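Pasted below: model-v6.json, JSON, C-alpha atoms and all ligand atoms.
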[["chain", "number", "residue", "atom", "x", "y", "z"],
["A", 5, "MET", "CA", 24.42, -18.11, -27.53],
["A", 6, "THR", "CA", 22.13, -18.65, -24.56],
["A", 7, "LYS", "CA", 23.66, -17.67, -21.27],
["A", 8, "MET", "CA", 23.07, -20.09, -18.44],
["A", 9, "THR", "CA", 22.96, -18.94, -14.89],
["A", 10, "VAL", "CA", 23.67, -21.46, -12.17],
["A", 11, "ARG", "CA", 22.03, -20.58, -8.89],
["A", 12, "ARG", "CA", 23.53, -21.76, -5.67],
["A", 13, "LYS", "CA", 21.06, -23.30, -3.25],
["A", 14, "ASP", "CA", 21.70, -20.68, -0.54],
["A", 15, "GLU", "CA", 20.69, -17.82, -2.88],
["A", 16, "HIS", "CA", 17.10, -18.70, -2.08],
["A", 17, "PRO", "CA", 16.92, -19.30, 1.65],
["A", 18, "ALA", "CA", 14.07, -21.59, 2.61],
["A", 19, "PHE", "CA", 11.00, -20.01, 4.17],
["A", 20, "ARG", "CA", 8.82, -21.56, 6.83],
["A", 21, "PHE", "CA", 5.72, -20.03, 8.38],
["A", 22, "SER", "CA", 5.94, -19.40, 12.11],
["A", 23, "SER", "CA", 3.79, -21.74, 14.24],
["A", 24, "GLU", "CA", 1.35, -18.89, 14.89],
["A", 25, "ASN", "CA", 1.03, -18.13, 11.17],
["A", 26, "MET", "CA", 0.85, -21.82, 10.34],
["A", 27, "GLU", "CA", -2.43, -21.97, 12.26],
["A", 28, "LYS", "CA", -3.73, -19.13, 10.07],
["A", 29, "VAL", "CA", -2.44, -20.89, 6.94],
["A", 30, "ASN", "CA", -4.38, -24.03, 7.88],
["A", 31, "ALA", "CA", -7.51, -21.98, 8.61],
["A", 32, "HIS", "CA", -7.30, -20.35, 5.16],
["A", 33, "ILE", "CA", -6.75, -23.67, 3.41],
["A", 34, "ALA", "CA", -9.69, -25.22, 5.28],
["A", 35, "LYS", "CA", -12.06, -22.65, 3.73],
["A", 36, "TYR", "CA", -11.81, -24.34, 0.34],
["A", 37, "PRO", "CA", -12.99, -27.78, -0.84],
["A", 38, "GLU", "CA", -10.58, -30.66, -1.26],
["A", 39, "GLY", "CA", -8.54, -30.19, -4.43],
["A", 40, "ARG", "CA", -9.15, -26.40, -4.47],
["A", 41, "GLN", "CA", -6.51, -25.42, -1.93],
["A", 42, "ALA", "CA", -4.82, -23.21, -4.51],
["A", 43, "SER", "CA", -7.61, -20.69, -3.89],
["A", 44, "ALA", "CA", -5.81, -19.81, -0.64],
["A", 45, "VAL", "CA", -2.81, -18.45, -2.53],
["A", 46, "LEU", "CA", -3.65, -14.75, -1.98],
["A", 47, "PRO", "CA", -4.06, -14.82, 1.83],
["A", 48, "LEU", "CA", -0.97, -17.03, 2.12],
["A", 49, "LEU", "CA", 1.08, -14.61, 0.04],
["A", 50, "ASP", "CA", -0.10, -11.73, 2.22],
["A", 51, "LEU", "CA", 0.64, -13.59, 5.44],
["A", 52, "GLY", "CA", 4.03, -14.72, 4.18],
["A", 53, "GLN", "CA", 5.01, -11.28, 2.92],
["A", 54, "ARG", "CA", 4.25, -9.76, 6.32],
["A", 55, "GLN", "CA", 6.34, -12.42, 8.09],
["A", 56, "ASN", "CA", 9.12, -12.02, 5.55],
["A", 57, "GLY", "CA", 9.81, -8.31, 6.15],
["A", 58, "GLY", "CA", 7.50, -6.99, 3.44],
["A", 59, "TRP", "CA", 8.50, -8.97, 0.36],
["A", 60, "VAL", "CA", 7.84, -12.25, -1.42],
["A", 61, "SER", "CA", 11.06, -14.23, -1.74],
["A", 62, "GLN", "CA", 11.60, -17.28, -3.91],
["A", 63, "GLY", "CA", 11.74, -19.34, -0.71],
["A", 64, "LEU", "CA", 8.29, -18.08, 0.26],
["A", 65, "ILE", "CA", 6.91, -18.83, -3.20],
["A", 66, "GLU", "CA", 8.24, -22.38, -3.02],
["A", 67, "GLU", "CA", 6.83, -22.93, 0.45],
["A", 68, "ILE", "CA", 3.36, -21.72, -0.58],
["A", 69, "ALA", "CA", 3.53, -23.93, -3.68],
["A", 70, "ARG", "CA", 4.38, -26.91, -1.45],
["A", 71, "LEU", "CA", 1.57, -26.18, 1.01],
["A", 72, "LEU", "CA", -1.02, -25.70, -1.74],
["A", 73, "SER", "CA", 0.23, -28.50, -4.01],
["A", 74, "MET", "CA", 0.60, -26.16, -6.97],
["A", 75, "PRO", "CA", 3.53, -25.33, -9.26],
["A", 76, "ALA", "CA", 5.78, -22.55, -7.93],
["A", 77, "ILE", "CA", 5.43, -20.70, -11.23],
["A", 78, "ARG", "CA", 1.67, -20.33, -10.62],
["A", 79, "VAL", "CA", 2.33, -18.78, -7.20],
["A", 80, "HIS", "CA", 4.86, -16.47, -8.82],
["A", 81, "GLU", "CA", 2.34, -15.46, -11.50],
["A", 82, "VAL", "CA", -0.18, -14.42, -8.85],
["A", 83, "ALA", "CA", 2.42, -12.51, -6.84],
["A", 84, "ALA", "CA", 3.67, -10.76, -9.98],
["A", 85, "PHE", "CA", 0.15, -9.71, -11.02],
["A", 86, "TYR", "CA", -0.79, -7.78, -7.87],
["A", 87, "THR", "CA", 1.22, -4.68, -6.94],
["A", 88, "MET", "CA", 0.44, -5.35, -3.28],
["A", 89, "PHE", "CA", 3.11, -8.07, -3.43],
["A", 90, "ASN", "CA", 6.74, -7.00, -3.59],
["A", 91, "LEU", "CA", 9.04, -9.32, -5.47],
["A", 92, "LYS", "CA", 12.17, -7.65, -4.19],
["A", 93, "LEU", "CA", 13.42, -6.37, -0.88],
["A", 94, "VAL", "CA", 11.66, -3.26, 0.42],
["A", 95, "GLY", "CA", 12.39, -0.84, 3.23],
["A", 96, "LYS", "CA", 10.86, -1.03, 6.70],
["A", 97, "HIS", "CA", 8.60, 1.80, 5.52],
["A", 98, "HIS", "CA", 7.53, 0.99, 1.99],
["A", 99, "ILE", "CA", 6.25, 4.11, 0.23],
["A", 100, "GLN", "CA", 3.80, 3.65, -2.64],
["A", 101, "LEU", "CA", 3.28, 6.98, -4.32],
["A", 102, "CYS", "CA", 0.24, 7.33, -6.55],
["A", 103, "GLY", "CA", 1.14, 8.78, -9.93],
["A", 104, "THR", "CA", -2.25, 8.45, -11.67],
["A", 105, "THR", "CA", -3.93, 11.51, -13.22],
["A", 106, "PRO", "CA", -5.81, 13.04, -10.23],
["A", 107, "CYS", "CA", -2.75, 12.73, -7.97],
["A", 108, "TRP", "CA", -0.45, 13.80, -10.79],
["A", 109, "LEU", "CA", -2.55, 16.94, -11.39],
["A", 110, "ARG", "CA", -2.42, 17.68, -7.65],
["A", 111, "GLY", "CA", 1.38, 17.51, -7.38],
["A", 112, "ALA", "CA", 2.45, 13.84, -7.21],
["A", 113, "GLU", "CA", 5.58, 14.61, -9.23],
["A", 114, "ASP", "CA", 6.66, 17.23, -6.66],
["A", 115, "LEU", "CA", 6.06, 14.71, -3.88],
["A", 116, "LYS", "CA", 8.22, 12.18, -5.66],
["A", 117, "LYS", "CA", 11.06, 14.65, -6.16],
["A", 118, "ALA", "CA", 10.90, 15.75, -2.51],
["A", 119, "CYS", "CA", 10.93, 12.13, -1.32],
["A", 120, "MET", "CA", 13.85, 11.10, -3.55],
["A", 121, "LYS", "CA", 15.83, 14.13, -2.41],
["A", 122, "ARG", "CA", 15.09, 13.58, 1.30],
["A", 123, "LEU", "CA", 15.96, 9.88, 1.17],
["A", 124, "ASN", "CA", 18.65, 10.12, -1.49],
["A", 125, "ILE", "CA", 17.10, 7.24, -3.42],
["A", 126, "ASP", "CA", 15.66, 6.63, -6.86],
["A", 127, "GLU", "CA", 12.25, 5.28, -7.57],
["A", 128, "GLY", "CA", 12.25, 1.52, -7.06],
["A", 129, "SER", "CA", 15.14, 1.47, -4.62],
["A", 130, "VAL", "CA", 15.75, 1.14, -0.88],
["A", 131, "SER", "CA", 17.50, 3.73, 1.28],
["A", 132, "ALA", "CA", 21.00, 2.94, 2.51],
["A", 133, "ASP", "CA", 19.79, 2.35, 6.07],
["A", 134, "GLY", "CA", 17.07, -0.03, 4.83],
["A", 135, "LYS", "CA", 14.35, 2.06, 6.44],
["A", 136, "PHE", "CA", 12.59, 3.33, 3.32],
["A", 137, "SER", "CA", 11.75, 2.24, -0.21],
["A", 138, "LEU", "CA", 9.83, 4.11, -2.88],
["A", 139, "VAL", "CA", 7.72, 2.94, -5.80],
["A", 140, "GLU", "CA", 5.20, 4.72, -7.98],
["A", 141, "VAL", "CA", 1.86, 2.94, -8.26],
["A", 142, "GLU", "CA", -1.44, 3.38, -10.06],
["A", 143, "CYS", "CA", -4.57, 4.80, -8.41],
["A", 144, "LEU", "CA", -4.81, 3.95, -4.71],
["A", 145, "GLY", "CA", -8.54, 4.64, -4.72],
["A", 146, "ALA", "CA", -8.46, 7.80, -2.60],
["A", 147, "CYS", "CA", -8.33, 10.31, -5.46],
["A", 148, "VAL", "CA", -10.79, 12.64, -3.76],
["A", 149, "ASN", "CA", -8.01, 13.60, -1.31],
["A", 150, "ALA", "CA", -5.21, 13.66, -3.89],
["A", 151, "PRO", "CA", -2.26, 13.59, -3.83],
["A", 152, "VAL", "CA", -2.03, 10.33, -1.93],
["A", 153, "VAL", "CA", 0.75, 8.10, -0.68],
["A", 154, "GLN", "CA", 0.51, 4.71, 1.00],
["A", 155, "ILE", "CA", 3.16, 3.78, 3.55],
["A", 156, "ASN", "CA", 2.89, 0.13, 4.57],
["A", 157, "ASP", "CA", -0.82, -0.22, 5.44],
["A", 158, "ASP", "CA", -1.61, 3.47, 5.98],
["A", 159, "PHE", "CA", -2.78, 6.20, 3.60],
["A", 160, "PHE", "CA", -1.56, 9.80, 3.76],
["A", 161, "GLU", "CA", -3.69, 12.25, 1.83],
["A", 162, "ASP", "CA", -3.86, 15.92, 0.81],
["A", 163, "LEU", "CA", -0.08, 15.98, 0.88],
["A", 164, "THR", "CA", 2.34, 18.74, -0.01],
["A", 165, "PRO", "CA", 6.08, 18.17, -0.47],
["A", 166, "GLU", "CA", 6.59, 19.78, 2.95],
["A", 167, "SER", "CA", 4.04, 17.64, 4.82],
["A", 168, "PHE", "CA", 5.30, 14.52, 3.06],
["A", 169, "VAL", "CA", 8.89, 15.19, 4.12],
["A", 170, "GLN", "CA", 7.69, 15.82, 7.69],
["A", 171, "ILE", "CA", 6.05, 12.39, 7.66],
["A", 172, "ILE", "CA", 9.27, 10.78, 6.42],
["A", 173, "ASP", "CA", 11.25, 12.64, 9.11],
["A", 174, "ALA", "CA", 8.85, 11.43, 11.80],
["A", 175, "LEU", "CA", 9.10, 7.82, 10.61],
["A", 176, "ALA", "CA", 12.89, 8.06, 10.42],
["A", 177, "ASN", "CA", 12.89, 9.19, 14.06],
["A", 178, "GLY", "CA", 10.48, 6.47, 15.16],
["A", 179, "LYS", "CA", 7.71, 8.94, 15.96],
["A", 180, "GLU", "CA", 3.99, 8.25, 15.80],
["A", 181, "ILE", "CA", 2.25, 9.72, 12.81],
["A", 182, "LYS", "CA", -1.37, 10.17, 11.92],
["A", 183, "GLY", "CA", -2.66, 8.84, 8.64],
["A", 184, "GLY", "CA", -5.47, 10.24, 6.53],
["A", 185, "SER", "CA", -5.82, 13.83, 5.39],
["A", 186, "GLN", "CA", -2.84, 15.95, 6.35],
["A", 187, "ILE", "CA", -4.84, 19.19, 6.19],
["A", 188, "GLY", "CA", -7.48, 18.12, 8.69],
["A", 189, "ARG", "CA", -10.15, 17.36, 6.11],
["A", 190, "GLN", "CA", -13.15, 15.46, 7.48],
["A", 191, "CYS", "CA", -12.94, 12.10, 5.66],
["A", 192, "SER", "CA", -13.41, 13.17, 2.05],
["A", 193, "ALA", "CA", -15.74, 16.09, 2.70],
["A", 194, "PRO", "CA", -15.25, 19.44, 0.96],
["A", 195, "LEU", "CA", -12.84, 21.74, 2.77],
["A", 196, "SER", "CA", -15.70, 24.18, 3.37],
["A", 197, "CYS", "CA", -16.83, 21.74, 6.10],
["A", 198, "ASN", "CA", -13.68, 22.42, 8.10],
["A", 199, "THR", "CA", -15.10, 25.42, 9.89],
["A", 200, "ALA", "CA", -15.27, 25.97, 13.63],
["A", 201, "ASP", "CA", -18.95, 25.02, 13.74],
["A", 202, "ALA", "CA", -18.49, 21.86, 11.64],
["A", 203, "THR", "CA", -15.87, 20.02, 13.58],
["A", 204, "ASP", "CA", -17.75, 16.82, 14.25],
["A", 205, "ASN", "CA", -18.82, 14.23, 11.74],
["A", 206, "GLU", "CA", -22.48, 15.04, 12.13],
["A", 207, "SER", "CA", -21.91, 18.67, 11.22],
["A", 208, "ALA", "CA", -19.74, 17.65, 8.30],
["A", 209, "VAL", "CA", -22.42, 15.31, 6.98],
["A", 210, "LYS", "CA", -25.06, 18.02, 7.33],
["A", 211, "ALA", "CA", -22.84, 20.52, 5.58],
["A", 212, "THR", "CA", -22.25, 18.21, 2.63],
["A", 213, "LYS", "CA", -25.93, 17.47, 1.99],
["A", 214, "MET", "CA", -27.05, 18.54, -1.46],
["A", 215, "PRO", "CA", -29.30, 21.60, -1.49],
["A", 216, "ARG", "CA", -32.97, 20.66, -1.68],
["A", 217, "LYS", "CA", -34.64, 20.97, -5.02],
["A", 218, "ARG", "CA", -36.57, 24.17, -5.30],
["A", 219, "LYS", "CA", -40.30, 23.75, -5.34],
["A", 220, "VAL", "CA", -41.86, 24.33, -8.74],
["A", 221, "LYS", "CA", -43.75, 27.21, -7.20],
["A", 222, "ASP", "CA", -40.50, 28.85, -5.99],
["A", 223, "ALA", "CA", -38.93, 28.49, -9.36],
["A", 224, "GLU", "CA", -41.72, 30.29, -11.20],
["B", 1, "LIG", "S1", -5.36, 8.92, -8.63],
["B", 1, "LIG", "FE1", -4.24, 8.88, -6.81],
["B", 1, "LIG", "S2", -5.55, 7.84, -5.45],
["B", 1, "LIG", "FE2", -6.61, 7.79, -7.33]]

Please express what this file holds, its structure, as structure tokens.
Amino acid sequence: MTKMTVRRKDEHPAFRFSSENMEKVNAHIAKYPEGRQASAVLPLLDLGQRQNGGWVSQGLIEEIARLLSMPAIRVHEVAAFYTMFNLKLVGKHHIQLCGTTPCWLRGAEDLKKACMKRLNIDEGSVSADGKFSLVEVECLGACVNAPVVQINDDFFEDLTPESFVQIIDALANGKEIKGGSQIGRQCSAPLSCNTADATDNESAVKATKMPRKRKVKDAE
């Protein structure tokens, strides 16, 4: 027997863009020719998610569908395809932990365990105070500095369980934290560049240059 679920109207509170964001919505829609407004679905989802506390609610989906004259299911399909859109409530600090091979080989599992223990949450859930949520994602595109974690819009790289927990502690206490490599690596340069005489970018670039090919004469 098929089970029917009746949803009350207030389970999906309506969403409206703020007047400031509505100007941005109109600017995005205006980029596309008449009849092709649906092409603005990605920037509208991003804008709406940011206004909506980090997630895409049914109300937001319906509002975007209305603005772009497209079926709500099509908006939902797009939101469900990209992991950058969260279809359920997330914490104020949404942690996306990369679990793909390079990060996994460099200790992503230990990071995950340390995070779950520190926050007392499981993967895919939100902490009791609503401040943090954790999900495992595929490659974040910063493998060279693995293991990597993204928190909201910032990347944290070259992590250890200890440095990761320190970052969570700092966020929990409202402190400023610095993104990027947590071991002072210069961008994605080899660690050998992190010497006292290679502290600026120019030195790091010089230090990472490939050795010149030996002249034929030298090689003889
Ligand atoms: S594998 Fe983790 S960033 Fe690519």

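Note that the spacing between CA of Cys107 in chain A and CA of Ala150 in chain A amounts to 4.9 Å.
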
Around ligand LIG 1 (chain B), at most 7 Å away and counting only C-alpha atoms and all ligand atoms, which residues are there? Put them as a PDB file with C-alpha atoms, in the coordinates of the input, please.
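Below you can see pocket.pdb, which holds the result:
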ATOM      1  CA  CYS A 102       0.240   7.330  -6.550  1.00  0.00           C
ATOM      2  CA  GLY A 103       1.140   8.780  -9.930  1.00  0.00           C
ATOM      3  CA  THR A 104      -2.250   8.450 -11.670  1.00  0.00           C
ATOM      4  CA  THR A 105      -3.930  11.510 -13.220  1.00  0.00           C
ATOM      5  CA  PRO A 106      -5.810  13.040 -10.230  1.00  0.00           C
ATOM      6  CA  CYS A 107      -2.750  12.730  -7.970  1.00  0.00           C
ATOM      7  CA  GLU A 142      -1.440   3.380 -10.060  1.00  0.00           C
ATOM      8  CA  CYS A 143      -4.570   4.800  -8.410  1.00  0.00           C
ATOM      9  CA  LEU A 144      -4.810   3.950  -4.710  1.00  0.00           C
ATOM     10  CA  GLY A 145      -8.540   4.640  -4.720  1.00  0.00           C
ATOM     11  CA  ALA A 146      -8.460   7.800  -2.600  1.00  0.00           C
ATOM     12  CA  CYS A 147      -8.330  10.310  -5.460  1.00  0.00           C
ATOM     13  CA  ALA A 150      -5.210  13.660  -3.890  1.00  0.00           C
ATOM     14  CA  PRO A 151      -2.260  13.590  -3.830  1.00  0.00           C
ATOM     15  CA  VAL A 152      -2.030  10.330  -1.930  1.00  0.00           C
TER      16      VAL A 152
END

What's around range 43-55 of chain A at 12 Å? Count all atoms listed in the file, leave out sequence neighbours fewer than 6 positions away in its own chain, and write the answer as number ranges by chain. A: 19-37, 61-76, 78-94, 96, 156-157

I'd like a table as a tab-separated table: residues in range 49-140 of chain A with an atom no more than 8 Å from range 165-179 of chain A, each row giving the shortest atom pair and its distance in Å to one decimal, all atoms listed in the file counted, sorted by chain and rising residue number.
residue	atom	partner	partner_atom	distance
A:His97	CA	A:Leu175	CA	7.9
A:Asp114	CA	A:Pro165	CA	6.3
A:Leu115	CA	A:Pro165	CA	4.9
A:Ala118	CA	A:Pro165	CA	5.8
A:Cys119	CA	A:Val169	CA	6.6
A:Arg122	CA	A:Val169	CA	7.0
A:Lys135	CA	A:Ala176	CA	7.3

Point (-2.3, 9.9, 3.6) neighbourhood (7 Å, all atoms listed in the file) written as a ChimeraX atom specification | /A:152-154,158-162,183-186

Taken to one decimal, the CA of Trp59 in chain A-CA of Leu163 in chain A distance is 26.4 Å

Can you measure CA of Gln41 in chain A to CA of Pro17 in chain A for me? One decimal in Å is fine.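 So the two atoms, CA of Gln41 in chain A and CA of Pro17 in chain A, lie 24.5 Å apart.
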